[in-house]
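Undergrad: Supplied structure: input00.txt, compact mmCIF, C-alpha atoms and all ligand atoms.
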# COMPACT_ATOMS: atom_id res chain seq x y z
CA MET I 1 -42.11 -11.43 53.38
CA LYS I 2 -39.50 -10.00 55.75
CA ASP I 3 -37.03 -12.80 56.29
CA ILE I 4 -35.65 -14.59 53.27
CA THR I 5 -34.33 -18.11 53.89
CA ILE I 6 -32.39 -19.65 51.06
CA ALA I 7 -31.71 -23.13 49.77
CA VAL I 8 -29.34 -23.52 46.83
CA VAL I 9 -29.04 -26.44 44.41
CA GLY I 10 -25.75 -26.56 42.49
CA LEU I 11 -22.59 -25.60 44.33
CA GLY I 12 -20.17 -25.08 41.46
CA SER I 13 -18.25 -21.87 41.17
CA ARG I 14 -21.39 -19.93 40.24
CA GLY I 15 -23.55 -21.50 42.95
CA ARG I 16 -21.04 -20.65 45.65
CA SER I 17 -20.54 -17.06 44.57
CA MET I 18 -24.29 -16.42 44.16
CA LEU I 19 -25.02 -18.00 47.54
CA ARG I 20 -22.43 -15.79 49.25
CA LEU I 21 -23.72 -12.70 47.49
CA ALA I 22 -27.38 -13.41 48.36
CA ALA I 23 -26.45 -14.09 51.98
CA SER I 24 -24.67 -10.73 52.20
CA PHE I 25 -28.03 -8.91 52.03
CA PRO I 26 -29.67 -7.94 55.34
CA GLY I 27 -32.40 -10.31 56.52
CA VAL I 28 -31.23 -13.20 54.32
CA THR I 29 -30.10 -16.50 55.85
CA VAL I 30 -28.87 -19.75 54.31
CA ALA I 31 -31.00 -22.73 55.38
CA ALA I 32 -29.87 -25.51 53.05
CA VAL I 33 -27.32 -26.43 50.41
CA CYS I 34 -27.48 -29.27 47.87
CA ASP I 35 -24.91 -30.71 45.48
CA LEU I 36 -24.25 -34.17 44.11
CA GLN I 37 -20.58 -33.68 45.05
CA PRO I 38 -20.26 -33.35 48.86
CA LYS I 39 -16.57 -32.40 48.51
CA LEU I 40 -17.74 -28.98 47.30
CA TRP I 41 -19.36 -28.26 50.68
CA SER I 42 -15.99 -28.25 52.42
CA GLU I 43 -13.66 -27.12 49.64
CA SER I 44 -12.20 -23.59 49.59
CA GLN I 45 -12.74 -21.86 46.27
CA ARG I 46 -9.64 -19.72 46.80
CA ALA I 47 -6.68 -19.98 49.14
CA GLY I 48 -7.63 -18.51 52.51
CA GLN I 49 -11.36 -18.40 51.79
CA PRO I 50 -13.59 -20.43 54.13
CA SER I 51 -15.62 -23.29 52.64
CA ILE I 52 -19.40 -23.01 52.38
CA ARG I 53 -19.75 -25.39 55.34
CA GLU I 54 -17.49 -23.16 57.45
CA GLU I 55 -19.19 -19.98 56.30
CA PHE I 56 -22.74 -21.20 56.94
CA PRO I 57 -22.45 -23.58 59.92
CA ASN I 58 -26.21 -23.52 60.60
CA ALA I 59 -27.16 -24.65 57.10
CA LYS I 60 -28.17 -28.24 56.38
CA PHE I 61 -26.32 -30.06 53.59
CA TYR I 62 -27.87 -32.52 51.12
CA GLU I 63 -26.79 -34.66 48.17
CA ASP I 64 -30.37 -35.34 47.08
CA PHE I 65 -32.47 -32.40 45.91
CA ALA I 66 -35.81 -34.16 46.55
CA VAL I 67 -34.79 -34.82 50.15
CA MET I 68 -33.77 -31.17 50.64
CA LEU I 69 -37.07 -29.98 49.20
CA ALA I 70 -39.03 -32.29 51.47
CA GLN I 71 -37.05 -31.69 54.67
CA ALA I 72 -35.46 -28.23 54.72
CA ASP I 73 -37.27 -25.11 55.89
CA PHE I 74 -36.74 -22.26 53.40
CA ASN I 75 -38.76 -19.87 51.24
CA LEU I 76 -36.41 -19.15 48.30
CA LEU I 77 -34.72 -21.75 46.09
CA ILE I 78 -31.65 -20.67 44.09
CA VAL I 79 -30.97 -22.90 41.05
CA GLU I 80 -27.31 -23.01 39.95
CA THR I 81 -27.08 -26.44 38.31
CA PRO I 82 -25.50 -26.91 34.85
CA ALA I 83 -27.02 -24.86 32.03
CA HIS I 84 -29.02 -27.76 30.55
CA CYS I 85 -30.87 -28.67 33.76
CA HIS I 86 -32.55 -25.71 35.42
CA ALA I 87 -36.24 -26.25 34.62
CA GLU I 88 -36.74 -29.49 36.58
CA PHE I 89 -35.60 -27.75 39.79
CA CYS I 90 -37.65 -24.61 39.09
CA ILE I 91 -40.78 -26.69 38.51
CA ALA I 92 -40.26 -28.73 41.67
CA GLY I 93 -39.56 -25.58 43.71
CA LEU I 94 -42.65 -23.73 42.46
CA LYS I 95 -44.85 -26.79 43.01
CA ALA I 96 -43.56 -26.96 46.60
CA GLY I 97 -44.63 -23.33 47.16
CA LYS I 98 -41.11 -21.84 47.10
CA HIS I 99 -40.04 -18.67 45.37
CA VAL I 100 -37.34 -19.50 42.82
CA PHE I 101 -34.32 -17.67 41.42
CA SER I 102 -32.85 -19.54 38.45
CA ASP I 103 -29.72 -18.95 36.44
CA ILE I 104 -29.92 -18.84 32.66
CA PRO I 105 -30.68 -20.32 30.12
CA THR I 106 -34.20 -20.91 31.46
CA VAL I 107 -34.97 -24.24 29.72
CA ARG I 108 -33.21 -26.77 27.50
CA THR I 109 -36.20 -28.17 25.57
CA LEU I 110 -39.56 -27.00 24.30
CA GLN I 111 -41.24 -29.57 26.55
CA GLU I 112 -39.56 -27.96 29.56
CA ALA I 113 -40.75 -24.56 28.31
CA ARG I 114 -44.35 -25.79 28.23
CA ASP I 115 -44.11 -27.51 31.63
CA LEU I 116 -42.47 -24.53 33.34
CA TRP I 117 -44.93 -22.08 31.77
CA ASP I 118 -47.91 -24.16 32.93
CA THR I 119 -46.42 -24.54 36.41
CA GLN I 120 -45.79 -20.81 36.78
CA LEU I 121 -49.34 -19.99 35.63
CA HIS I 122 -50.73 -21.94 38.59
CA ALA I 123 -48.08 -20.95 41.17
CA ASP I 124 -48.58 -18.42 43.95
CA THR I 125 -44.83 -17.87 44.20
CA MET I 126 -42.44 -16.00 41.93
CA LEU I 127 -39.85 -17.25 39.47
CA MET I 128 -37.03 -14.76 38.91
CA ILE I 129 -34.81 -15.31 35.88
CA GLY I 130 -31.17 -14.58 36.80
CA ALA I 131 -30.36 -12.82 33.53
CA ASN I 132 -27.55 -10.69 34.91
CA PRO I 133 -26.55 -8.94 31.62
CA ASN I 134 -30.00 -7.32 31.61
CA GLU I 135 -28.86 -5.46 34.73
CA TRP I 136 -25.68 -3.87 33.37
CA GLY I 137 -25.47 -0.09 33.55
CA PHE I 138 -24.91 0.34 29.81
CA VAL I 139 -28.02 -1.79 29.11
CA GLU I 140 -30.06 0.50 31.36
CA ALA I 141 -28.63 3.46 29.40
CA LEU I 142 -29.60 1.78 26.10
CA CYS I 143 -33.17 1.30 27.37
CA ASP I 144 -33.29 4.91 28.50
CA PHE I 145 -32.20 6.17 25.07
CA TRP I 146 -34.79 3.95 23.44
CA LYS I 147 -37.66 4.89 25.78
CA GLN I 148 -36.92 8.57 25.24
CA GLY I 149 -37.18 8.09 21.46
CA LEU I 150 -33.53 8.90 20.75
CA LEU I 151 -32.99 5.66 18.79
CA GLY I 152 -36.32 5.61 16.96
CA LYS I 153 -37.34 2.01 16.22
CA PRO I 154 -34.44 -0.44 16.51
CA THR I 155 -34.42 -2.26 13.16
CA TYR I 156 -31.08 -4.10 13.14
CA LEU I 157 -29.39 -5.37 16.29
CA GLU I 158 -26.37 -7.56 16.79
CA ALA I 159 -24.57 -9.16 19.70
CA GLU I 160 -21.49 -11.31 20.20
CA TYR I 161 -20.57 -13.55 23.10
CA ILE I 162 -17.00 -14.71 22.43
CA HIS I 163 -15.73 -16.70 25.41
CA ASP I 164 -13.10 -19.42 25.14
CA VAL I 165 -14.23 -21.69 28.00
CA ARG I 166 -11.79 -24.57 27.51
CA HIS I 167 -10.11 -23.80 30.87
CA LEU I 168 -13.46 -24.61 32.56
CA TRP I 169 -13.96 -28.05 31.00
CA GLY I 170 -12.42 -29.79 34.02
CA VAL I 171 -14.75 -28.32 36.66
CA SER I 172 -17.77 -27.88 34.36
CA PRO I 173 -17.77 -30.88 31.96
CA TRP I 174 -21.10 -29.85 30.40
CA ARG I 175 -19.32 -26.88 28.78
CA ARG I 176 -17.21 -29.20 26.59
CA THR I 177 -19.85 -30.08 24.01
CA ARG I 178 -22.60 -27.56 24.73
CA MET I 179 -23.80 -25.94 21.47
CA PRO I 180 -22.76 -22.32 22.03
CA ILE I 181 -25.87 -20.82 20.43
CA LEU I 182 -27.92 -22.36 23.28
CA TYR I 183 -26.10 -19.92 25.56
CA CYS I 184 -27.76 -16.97 23.85
CA THR I 185 -29.38 -15.38 26.89
CA HIS I 186 -26.46 -13.08 27.78
CA SER I 187 -26.75 -11.56 24.31
CA LEU I 188 -30.45 -11.66 23.50
CA GLY I 189 -31.60 -10.58 26.98
CA PRO I 190 -30.30 -7.00 26.70
CA LEU I 191 -31.35 -6.64 23.04
CA LEU I 192 -34.88 -7.91 23.69
CA ARG I 193 -35.36 -5.13 26.21
CA VAL I 194 -35.59 -2.74 23.23
CA ILE I 195 -37.42 -5.04 20.77
CA GLU I 196 -41.19 -5.04 21.13
CA GLY I 197 -42.03 -8.18 19.13
CA ASP I 198 -40.78 -11.69 19.83
CA LEU I 199 -38.13 -13.26 17.58
CA ARG I 200 -40.13 -15.30 15.06
CA LYS I 201 -37.75 -16.84 12.53
CA VAL I 202 -34.19 -18.11 12.63
CA SER I 203 -31.47 -19.51 10.42
CA CYS I 204 -28.21 -20.57 12.06
CA LEU I 205 -24.87 -21.95 10.89
CA SER I 206 -22.08 -23.70 12.77
CA THR I 207 -18.38 -23.91 11.98
CA GLY I 208 -18.38 -27.40 13.51
CA ALA I 209 -15.45 -28.77 15.49
CA GLN I 210 -12.41 -27.44 13.63
CA ILE I 211 -10.23 -26.44 16.60
CA CYS I 212 -10.28 -29.43 18.98
CA GLY I 213 -12.10 -31.77 16.63
CA GLU I 214 -14.13 -33.58 19.28
CA ALA I 215 -17.46 -35.15 18.40
CA ASN I 216 -20.49 -32.86 18.90
CA GLN I 217 -18.38 -29.73 19.36
CA HIS I 218 -19.26 -26.46 17.66
CA ASP I 219 -16.47 -23.86 17.87
CA LEU I 220 -18.67 -20.97 16.79
CA MET I 221 -22.30 -20.59 15.77
CA THR I 222 -23.94 -17.59 14.14
CA ALA I 223 -27.67 -16.97 13.77
CA HIS I 224 -30.00 -14.50 12.11
CA PHE I 225 -33.39 -13.93 13.70
CA HIS I 226 -36.25 -11.72 12.70
CA THR I 227 -39.52 -10.48 14.10
CA ASP I 228 -42.89 -10.14 12.39
CA ASP I 229 -42.25 -6.40 11.99
CA SER I 230 -38.95 -6.77 10.11
CA VAL I 231 -36.47 -6.33 12.95
CA VAL I 232 -33.29 -8.30 12.18
CA VAL I 233 -31.00 -9.66 14.92
CA ARG I 234 -27.61 -11.24 14.28
CA LEU I 235 -26.02 -13.25 17.07
CA THR I 236 -22.62 -14.95 17.19
CA VAL I 237 -21.60 -17.18 20.09
CA SER I 238 -18.30 -19.01 20.42
CA SER I 239 -16.98 -21.11 23.31
CA ILE I 240 -13.81 -22.36 21.57
CA ASN I 241 -11.62 -19.73 19.92
CA TYR I 242 -8.39 -17.73 20.15
CA ALA I 243 -10.01 -14.27 20.12
CA GLY I 244 -8.76 -13.22 23.55
CA CYS I 245 -11.01 -10.17 23.48
CA GLY I 246 -13.69 -9.03 25.90
CA LEU I 247 -16.78 -11.20 25.98
CA HIS I 248 -19.85 -9.15 25.19
CA SER I 249 -20.53 -6.69 22.37
CA TYR I 250 -23.84 -5.20 21.26
CA ARG I 251 -24.99 -2.84 18.49
CA VAL I 252 -28.40 -1.33 17.94
CA MET I 253 -29.24 0.52 14.72
CA GLY I 254 -32.48 2.45 14.94
CA THR I 255 -34.51 4.64 12.62
CA ALA I 256 -33.25 7.73 14.48
CA GLY I 257 -30.08 6.69 16.27
CA TYR I 258 -27.34 4.21 17.02
CA PHE I 259 -25.92 2.55 20.15
CA GLU I 260 -22.94 0.29 20.54
CA ARG I 261 -21.06 -1.37 23.37
CA LEU I 262 -17.85 -2.83 22.05
CA ALA I 263 -16.07 -5.28 24.36
CA GLU I 264 -12.44 -4.85 25.41
CA ARG I 265 -9.83 -5.33 22.67
CA GLY I 266 -6.28 -5.89 23.93
CA LYS I 267 -5.43 -2.92 26.13
CA SER I 268 -8.40 -0.88 24.90
CA PRO I 269 -11.22 -0.86 27.45
CA ALA I 270 -14.81 -1.57 26.53
CA ARG I 271 -16.57 1.49 25.13
CA CYS I 272 -20.12 2.63 24.60
CA VAL I 273 -21.11 5.05 21.85
CA ILE I 274 -24.42 6.73 21.09
CA ARG I 275 -25.60 8.79 18.12
CA SER I 276 -29.02 10.29 17.62
CA GLU I 277 -30.51 12.71 15.19
CA LYS I 278 -33.00 13.64 17.91
CA LEU I 279 -30.42 15.06 20.30
CA TYR I 280 -29.42 18.65 19.62
CA GLY I 281 -25.93 18.93 18.17
CA LEU I 282 -25.07 15.23 18.30
CA LYS I 283 -23.76 14.92 14.77
CA GLN I 284 -20.98 12.48 15.69
CA GLY I 285 -20.86 9.44 17.89
CA ALA I 286 -20.49 10.43 21.55
CA GLU I 287 -18.76 8.19 24.04
CA LEU I 288 -20.84 7.31 27.10
CA VAL I 289 -19.05 7.23 30.42
CA ILE I 290 -20.94 4.17 31.58
CA ASP I 291 -20.21 0.47 31.36
CA LYS I 292 -21.25 -2.44 33.57
CA PRO I 293 -21.52 -0.81 37.03
CA ARG I 294 -24.77 0.96 37.84
CA PRO I 295 -24.24 4.50 39.17
CA GLU I 296 -27.03 4.11 41.76
CA TYR I 297 -24.92 1.52 43.61
CA ALA I 298 -21.64 3.50 43.46
CA ASN I 299 -21.65 4.06 47.24
CA THR I 300 -23.14 0.70 48.28
CA PRO I 301 -20.50 -1.55 49.87
CA GLY I 302 -20.26 -4.91 48.07
CA ALA I 303 -22.51 -3.84 45.20
CA GLN I 304 -19.76 -4.04 42.57
CA ALA I 305 -19.48 -7.80 43.14
CA GLY I 306 -20.31 -10.30 40.43
CA HIS I 307 -20.12 -9.37 36.76
CA GLY I 308 -19.62 -5.65 37.33
CA GLY I 309 -22.43 -5.42 39.89
CA ALA I 310 -25.10 -7.11 37.74
CA ASP I 311 -25.40 -10.07 40.13
CA TYR I 312 -25.92 -7.69 43.06
CA ALA I 313 -28.59 -5.79 41.12
CA LEU I 314 -30.45 -9.03 40.34
CA PHE I 315 -30.77 -9.93 44.02
CA ASP I 316 -31.44 -6.35 45.09
CA HIS I 317 -34.37 -6.07 42.67
CA PHE I 318 -35.72 -9.54 43.40
CA PHE I 319 -35.52 -9.19 47.18
CA ALA I 320 -37.27 -5.81 46.97
CA ALA I 321 -40.05 -7.45 44.92
CA LEU I 322 -40.40 -10.29 47.45
CA ARG I 323 -40.55 -7.86 50.34
CA GLY I 324 -42.86 -5.47 48.52
CA GLY I 325 -45.44 -8.19 47.92
CA VAL I 326 -45.13 -7.74 44.15
CA LYS I 327 -46.57 -10.64 42.12
CA LYS I 328 -44.44 -10.26 38.99
CA ALA I 329 -40.71 -10.96 39.14
CA PRO I 330 -38.43 -8.13 37.93
CA ILE I 331 -37.22 -10.50 35.16
CA ASN I 332 -40.07 -12.95 34.68
CA LEU I 333 -40.52 -16.27 32.92
CA ARG I 334 -41.87 -14.73 29.72
CA GLU I 335 -38.68 -12.68 29.42
CA GLY I 336 -36.60 -15.76 30.23
CA LEU I 337 -38.27 -17.77 27.47
CA ARG I 338 -38.07 -14.88 24.97
CA MET I 339 -34.28 -14.92 25.40
CA THR I 340 -33.87 -18.73 25.69
CA LEU I 341 -36.14 -20.39 23.10
CA PRO I 342 -34.61 -18.65 20.06
CA GLY I 343 -31.35 -20.47 20.90
CA ILE I 344 -33.07 -23.87 20.95
CA TYR I 345 -34.57 -23.25 17.50
CA ALA I 346 -31.22 -21.87 16.28
CA ALA I 347 -29.40 -25.01 17.40
CA GLU I 348 -31.91 -27.14 15.49
CA SER I 349 -31.54 -24.90 12.43
CA ALA I 350 -27.77 -25.43 12.48
CA LEU I 351 -28.24 -29.21 12.71
CA ARG I 352 -30.44 -28.88 9.59
CA GLY I 353 -27.73 -26.97 7.69
CA GLY I 354 -29.14 -23.47 8.31
CA ALA I 355 -32.78 -24.20 7.46
CA GLU I 356 -35.11 -21.31 8.30
CA LEU I 357 -37.37 -22.25 11.22
CA ASP I 358 -40.40 -20.59 12.77
CA ILE I 359 -40.07 -19.77 16.48
CA ARG I 360 -43.03 -20.31 18.79
CA TYR I 361 -43.51 -19.71 22.51
CA PRO I 362 -45.83 -21.27 25.09
CA TRP I 363 -48.08 -18.19 24.94
CA ASP I 364 -48.74 -18.83 21.21
CA PRO I 365 -51.90 -20.85 20.46
CA ASP I 366 -49.95 -22.98 17.93
CA PHE I 367 -46.95 -23.68 20.22
CA SER I 368 -45.74 -27.26 19.85
CA THR I 369 -43.04 -29.18 21.69
CA GLU I 370 -41.85 -30.55 18.31
CA ILE I 371 -39.83 -28.44 15.87
N1 LIG P 401 -25.11 -15.63 34.61
C1 LIG P 401 -23.80 -15.75 34.60
O1 LIG P 401 -23.05 -14.80 34.46
C2 LIG P 401 -23.22 -17.11 34.79
C3 LIG P 401 -21.85 -17.30 34.96
C4 LIG P 401 -21.38 -18.59 35.17
C5 LIG P 401 -22.28 -19.65 35.19
N2 LIG P 401 -23.60 -19.41 35.00
C6 LIG P 401 -24.59 -20.50 35.04
O2 LIG P 401 -24.62 -21.00 36.35
C7 LIG P 401 -24.88 -22.38 36.34
C8 LIG P 401 -23.79 -23.11 37.11
O3 LIG P 401 -22.55 -22.89 36.49
P1 LIG P 401 -21.19 -23.45 37.09
O4 LIG P 401 -20.11 -22.88 36.28
O5 LIG P 401 -21.16 -23.24 38.56
O6 LIG P 401 -21.38 -24.99 36.75
P2 LIG P 401 -20.70 -26.25 37.46
O7 LIG P 401 -20.86 -27.38 36.53
O8 LIG P 401 -19.33 -25.89 37.91
O9 LIG P 401 -21.60 -26.46 38.76
C9 LIG P 401 -22.86 -27.07 38.70
C10 LIG P 401 -23.03 -27.90 39.96
O10 LIG P 401 -24.34 -28.47 39.96
C11 LIG P 401 -24.24 -29.74 40.57
N3 LIG P 401 -25.38 -30.57 40.19
C12 LIG P 401 -25.67 -31.06 38.96
N4 LIG P 401 -26.81 -31.79 39.02
C13 LIG P 401 -27.24 -31.75 40.30
C14 LIG P 401 -28.34 -32.34 40.99
N5 LIG P 401 -29.24 -33.10 40.33
N6 LIG P 401 -28.48 -32.11 42.30
C15 LIG P 401 -27.56 -31.35 42.97
N7 LIG P 401 -26.48 -30.78 42.37
C16 LIG P 401 -26.33 -30.97 41.04
C17 LIG P 401 -22.91 -30.30 40.08
O11 LIG P 401 -22.43 -31.31 40.92
C18 LIG P 401 -22.04 -29.04 40.08
O12 LIG P 401 -21.31 -28.91 41.28
C19 LIG P 401 -24.95 -22.76 34.88
O13 LIG P 401 -26.27 -22.77 34.47
C20 LIG P 401 -24.23 -21.67 34.17
O14 LIG P 401 -24.70 -21.48 32.88
C21 LIG P 401 -24.09 -18.17 34.82
Starting from the coordinates I provided, produce the structure as structure tokens.
TA:
Amino acid sequence: MKDITIAVVGLGSRGRSMLRLAASFPGVTVAAVCDLQPKLWSESQRAGQPSIREEFPNAKFYEDFAVMLAQADFNLLIVETPAHCHAEFCIAGLKAGKHVFSDIPTVRTLQEARDLWDTQLHADTMLMIGANPNEWGFVEALCDFWKQGLLGKPTYLEAEYIHDVRHLWGVSPWRRTRMPILYCTHSLGPLLRVIEGDLRKVSCLSTGAQICGEANQHDLMTAHFHTDDSVVVRLTVSSINYAGCGLHSYRVMGTAGYFERLAERGKSPARCVIRSEKLYGLKQGAELVIDKPRPEYANTPGAQAGHGGADYALFDHFFAALRGGVKKAPINLREGLRMTLPGIYAAESALRGGAELDIRYPWDPDFSTEI
């Protein structure tokens, strides 16, 4: 596959920036654009910036996804609809013989997980999960430490995603009452790269709606997961808070070492620290001079765009796979479901007052669409 022709569904802020970024790669053209709100086709995102219609005058514009899928000529579908409705577009795209790139979380329900899994099993095309945090430089460094045995076995891991999104409620209404623990992929994705087993049990608690007090809101949710081989993961996600700190923190405690990436605090930048008893002389924590950007792209124009370069890396790796004739996506559906389904079970656990629940995946013989 030499030429990549794109159609995008979902033209919110994320859809527009991902479309522009994808189109900046050589050999990539924009064939079609779909959104329920046609005003977004012609609206500038920022003063002085051309609209999507001005920037891609040869693209065809649609309000109806089914019509775009039936009429437009493209080979890659990019899914950037709200977080609770990705799977239906991925399934339709794969069934129509398109390659698909989908933002995260991968599914909203266990039924969607089963349907998407079954569809992908029978598809000749690839589904790439757009889990951009998996591409951060410090996550690559964590994996490297782990693969080289410097951490031993990770036994306790934690992550926090603390993002007050109230300023986005106007343009993205689905963010207003979304249970934050469902948005667990930014946190679990990187951690699961160094955990061999799947997360198998969860108990989760919610603070409820104590800040704005609106029905169905959860200011902060915190979950404990564990695997069959006694790995414990703690995850806290908040979308309504006054923390004002950086968004993403991670810690990994292993049998032979330690890794942390602590998000920005006030004027203090984010920092990464490693300790290992396997590395000669490393008796104290050593600061790593690496954060989100990936050193291999340091001299690539435009590669720092989008979440510290992670969005660029996603497309770079996926496009290389498409052009190399690879059958397995760089971040595949199994990885997408490993980082998404624990959040669905966690949300249900919180609704049941923290009850411990078993987690199952479509590749388990006893997977059920009921919890
Ligand atoms: N990975 C990241 O770092 C990151 C960052 C921001 C957002 N996101 C994800 O990107 C996605 C989009 O986020 P956003 O902030 O742009 O959301 P948004 O709500 O601003 O935009 C979503 C768009 O999808 C459109 N849409 C909804 N249903 C549709 C349909 N049936 N057919 C056509 N268009 C439809 C809406 O009209 C809207 O314009 C979400 O899943 C979000 O979680 C990921």
Undergrad: Please, which residues have at least one atom within 9 Å of an atom of ligand LIG 401 (chain P), using only C-alpha atoms and all ligand atoms, listed as a PDB file with C-alpha atoms, in the frame of the given file?
TA:
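Below is the file result-v7.pdb, written as the result:
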ATOM      1  CA  VAL I   8     -29.340 -23.520  46.830  1.00  0.00           C
ATOM      2  CA  VAL I   9     -29.040 -26.440  44.410  1.00  0.00           C
ATOM      3  CA  GLY I  10     -25.750 -26.560  42.490  1.00  0.00           C
ATOM      4  CA  LEU I  11     -22.590 -25.600  44.330  1.00  0.00           C
ATOM      5  CA  GLY I  12     -20.170 -25.080  41.460  1.00  0.00           C
ATOM      6  CA  SER I  13     -18.250 -21.870  41.170  1.00  0.00           C
ATOM      7  CA  ARG I  14     -21.390 -19.930  40.240  1.00  0.00           C
ATOM      8  CA  GLY I  15     -23.550 -21.500  42.950  1.00  0.00           C
ATOM      9  CA  ARG I  16     -21.040 -20.650  45.650  1.00  0.00           C
ATOM     10  CA  SER I  17     -20.540 -17.060  44.570  1.00  0.00           C
ATOM     11  CA  VAL I  33     -27.320 -26.430  50.410  1.00  0.00           C
ATOM     12  CA  CYS I  34     -27.480 -29.270  47.870  1.00  0.00           C
ATOM     13  CA  ASP I  35     -24.910 -30.710  45.480  1.00  0.00           C
ATOM     14  CA  LEU I  36     -24.250 -34.170  44.110  1.00  0.00           C
ATOM     15  CA  GLN I  37     -20.580 -33.680  45.050  1.00  0.00           C
ATOM     16  CA  PRO I  38     -20.260 -33.350  48.860  1.00  0.00           C
ATOM     17  CA  LEU I  40     -17.740 -28.980  47.300  1.00  0.00           C
ATOM     18  CA  TYR I  62     -27.870 -32.520  51.120  1.00  0.00           C
ATOM     19  CA  GLU I  63     -26.790 -34.660  48.170  1.00  0.00           C
ATOM     20  CA  ASP I  64     -30.370 -35.340  47.080  1.00  0.00           C
ATOM     21  CA  PHE I  65     -32.470 -32.400  45.910  1.00  0.00           C
ATOM     22  CA  ALA I  66     -35.810 -34.160  46.550  1.00  0.00           C
ATOM     23  CA  VAL I  79     -30.970 -22.900  41.050  1.00  0.00           C
ATOM     24  CA  GLU I  80     -27.310 -23.010  39.950  1.00  0.00           C
ATOM     25  CA  THR I  81     -27.080 -26.440  38.310  1.00  0.00           C
ATOM     26  CA  PRO I  82     -25.500 -26.910  34.850  1.00  0.00           C
ATOM     27  CA  ALA I  83     -27.020 -24.860  32.030  1.00  0.00           C
ATOM     28  CA  HIS I  84     -29.020 -27.760  30.550  1.00  0.00           C
ATOM     29  CA  CYS I  85     -30.870 -28.670  33.760  1.00  0.00           C
ATOM     30  CA  HIS I  86     -32.550 -25.710  35.420  1.00  0.00           C
ATOM     31  CA  PHE I  89     -35.600 -27.750  39.790  1.00  0.00           C
ATOM     32  CA  SER I 102     -32.850 -19.540  38.450  1.00  0.00           C
ATOM     33  CA  ASP I 103     -29.720 -18.950  36.440  1.00  0.00           C
ATOM     34  CA  ILE I 104     -29.920 -18.840  32.660  1.00  0.00           C
ATOM     35  CA  PRO I 105     -30.680 -20.320  30.120  1.00  0.00           C
ATOM     36  CA  THR I 106     -34.200 -20.910  31.460  1.00  0.00           C
ATOM     37  CA  GLY I 130     -31.170 -14.580  36.800  1.00  0.00           C
ATOM     38  CA  ALA I 131     -30.360 -12.820  33.530  1.00  0.00           C
ATOM     39  CA  ASN I 132     -27.550 -10.690  34.910  1.00  0.00           C
ATOM     40  CA  PRO I 133     -26.550  -8.940  31.620  1.00  0.00           C
ATOM     41  CA  LEU I 168     -13.460 -24.610  32.560  1.00  0.00           C
ATOM     42  CA  TRP I 169     -13.960 -28.050  31.000  1.00  0.00           C
ATOM     43  CA  GLY I 170     -12.420 -29.790  34.020  1.00  0.00           C
ATOM     44  CA  VAL I 171     -14.750 -28.320  36.660  1.00  0.00           C
ATOM     45  CA  SER I 172     -17.770 -27.880  34.360  1.00  0.00           C
ATOM     46  CA  PRO I 173     -17.770 -30.880  31.960  1.00  0.00           C
ATOM     47  CA  TRP I 174     -21.100 -29.850  30.400  1.00  0.00           C
ATOM     48  CA  ARG I 175     -19.320 -26.880  28.780  1.00  0.00           C
ATOM     49  CA  TYR I 183     -26.100 -19.920  25.560  1.00  0.00           C
ATOM     50  CA  THR I 185     -29.380 -15.380  26.890  1.00  0.00           C
ATOM     51  CA  HIS I 186     -26.460 -13.080  27.780  1.00  0.00           C
ATOM     52  CA  GLY I 306     -20.310 -10.300  40.430  1.00  0.00           C
ATOM     53  CA  HIS I 307     -20.120  -9.370  36.760  1.00  0.00           C
ATOM     54  CA  ALA I 310     -25.100  -7.110  37.740  1.00  0.00           C
ATOM     55  CA  ASP I 311     -25.400 -10.070  40.130  1.00  0.00           C
TER      56      ASP I 311
END
Undergrad: Let me have the centre and edge lengths of the axis-aligned box enclosing all listed atoms of stretch 202-213 of chain I with 4 Å padding on every side, in Å to one decimal, as JSON.
TA:
{"center_x": -22.2, "center_y": -24.9, "center_z": 14.7, "size_x": 32.0, "size_y": 21.7, "size_z": 16.6}
Undergrad: What does the structure give for the distance between atom CA of I:Thr222 and atom CA of I:Leu337, in Å to one decimal?
TA: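 So the two atoms, atom CA of I:Thr222 and atom CA of I:Leu337, lie 19.6 Å apart.
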Undergrad: Take the point (-29.0, 6.5, 12.6) as written in the file and pick out every residue within 10 Å of it, counting all atoms listed in the file; give the list as a PyMOL selection string.
TA: chain I and resi 150-152+154+252-259+274-278
Undergrad: Those residues you just picked out, can you put them in a file as a PDB file, keeping the file's coordinate frame with C-alpha atoms?
TA:
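As written to disk, result-v4.pdb reads:
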ATOM      1  CA  LEU I 150     -33.530   8.900  20.750  1.00  0.00           C
ATOM      2  CA  LEU I 151     -32.990   5.660  18.790  1.00  0.00           C
ATOM      3  CA  GLY I 152     -36.320   5.610  16.960  1.00  0.00           C
ATOM      4  CA  PRO I 154     -34.440  -0.440  16.510  1.00  0.00           C
ATOM      5  CA  VAL I 252     -28.400  -1.330  17.940  1.00  0.00           C
ATOM      6  CA  MET I 253     -29.240   0.520  14.720  1.00  0.00           C
ATOM      7  CA  GLY I 254     -32.480   2.450  14.940  1.00  0.00           C
ATOM      8  CA  THR I 255     -34.510   4.640  12.620  1.00  0.00           C
ATOM      9  CA  ALA I 256     -33.250   7.730  14.480  1.00  0.00           C
ATOM     10  CA  GLY I 257     -30.080   6.690  16.270  1.00  0.00           C
ATOM     11  CA  TYR I 258     -27.340   4.210  17.020  1.00  0.00           C
ATOM     12  CA  PHE I 259     -25.920   2.550  20.150  1.00  0.00           C
ATOM     13  CA  ILE I 274     -24.420   6.730  21.090  1.00  0.00           C
ATOM     14  CA  ARG I 275     -25.600   8.790  18.120  1.00  0.00           C
ATOM     15  CA  SER I 276     -29.020  10.290  17.620  1.00  0.00           C
ATOM     16  CA  GLU I 277     -30.510  12.710  15.190  1.00  0.00           C
ATOM     17  CA  LYS I 278     -33.000  13.640  17.910  1.00  0.00           C
TER      18      LYS I 278
END
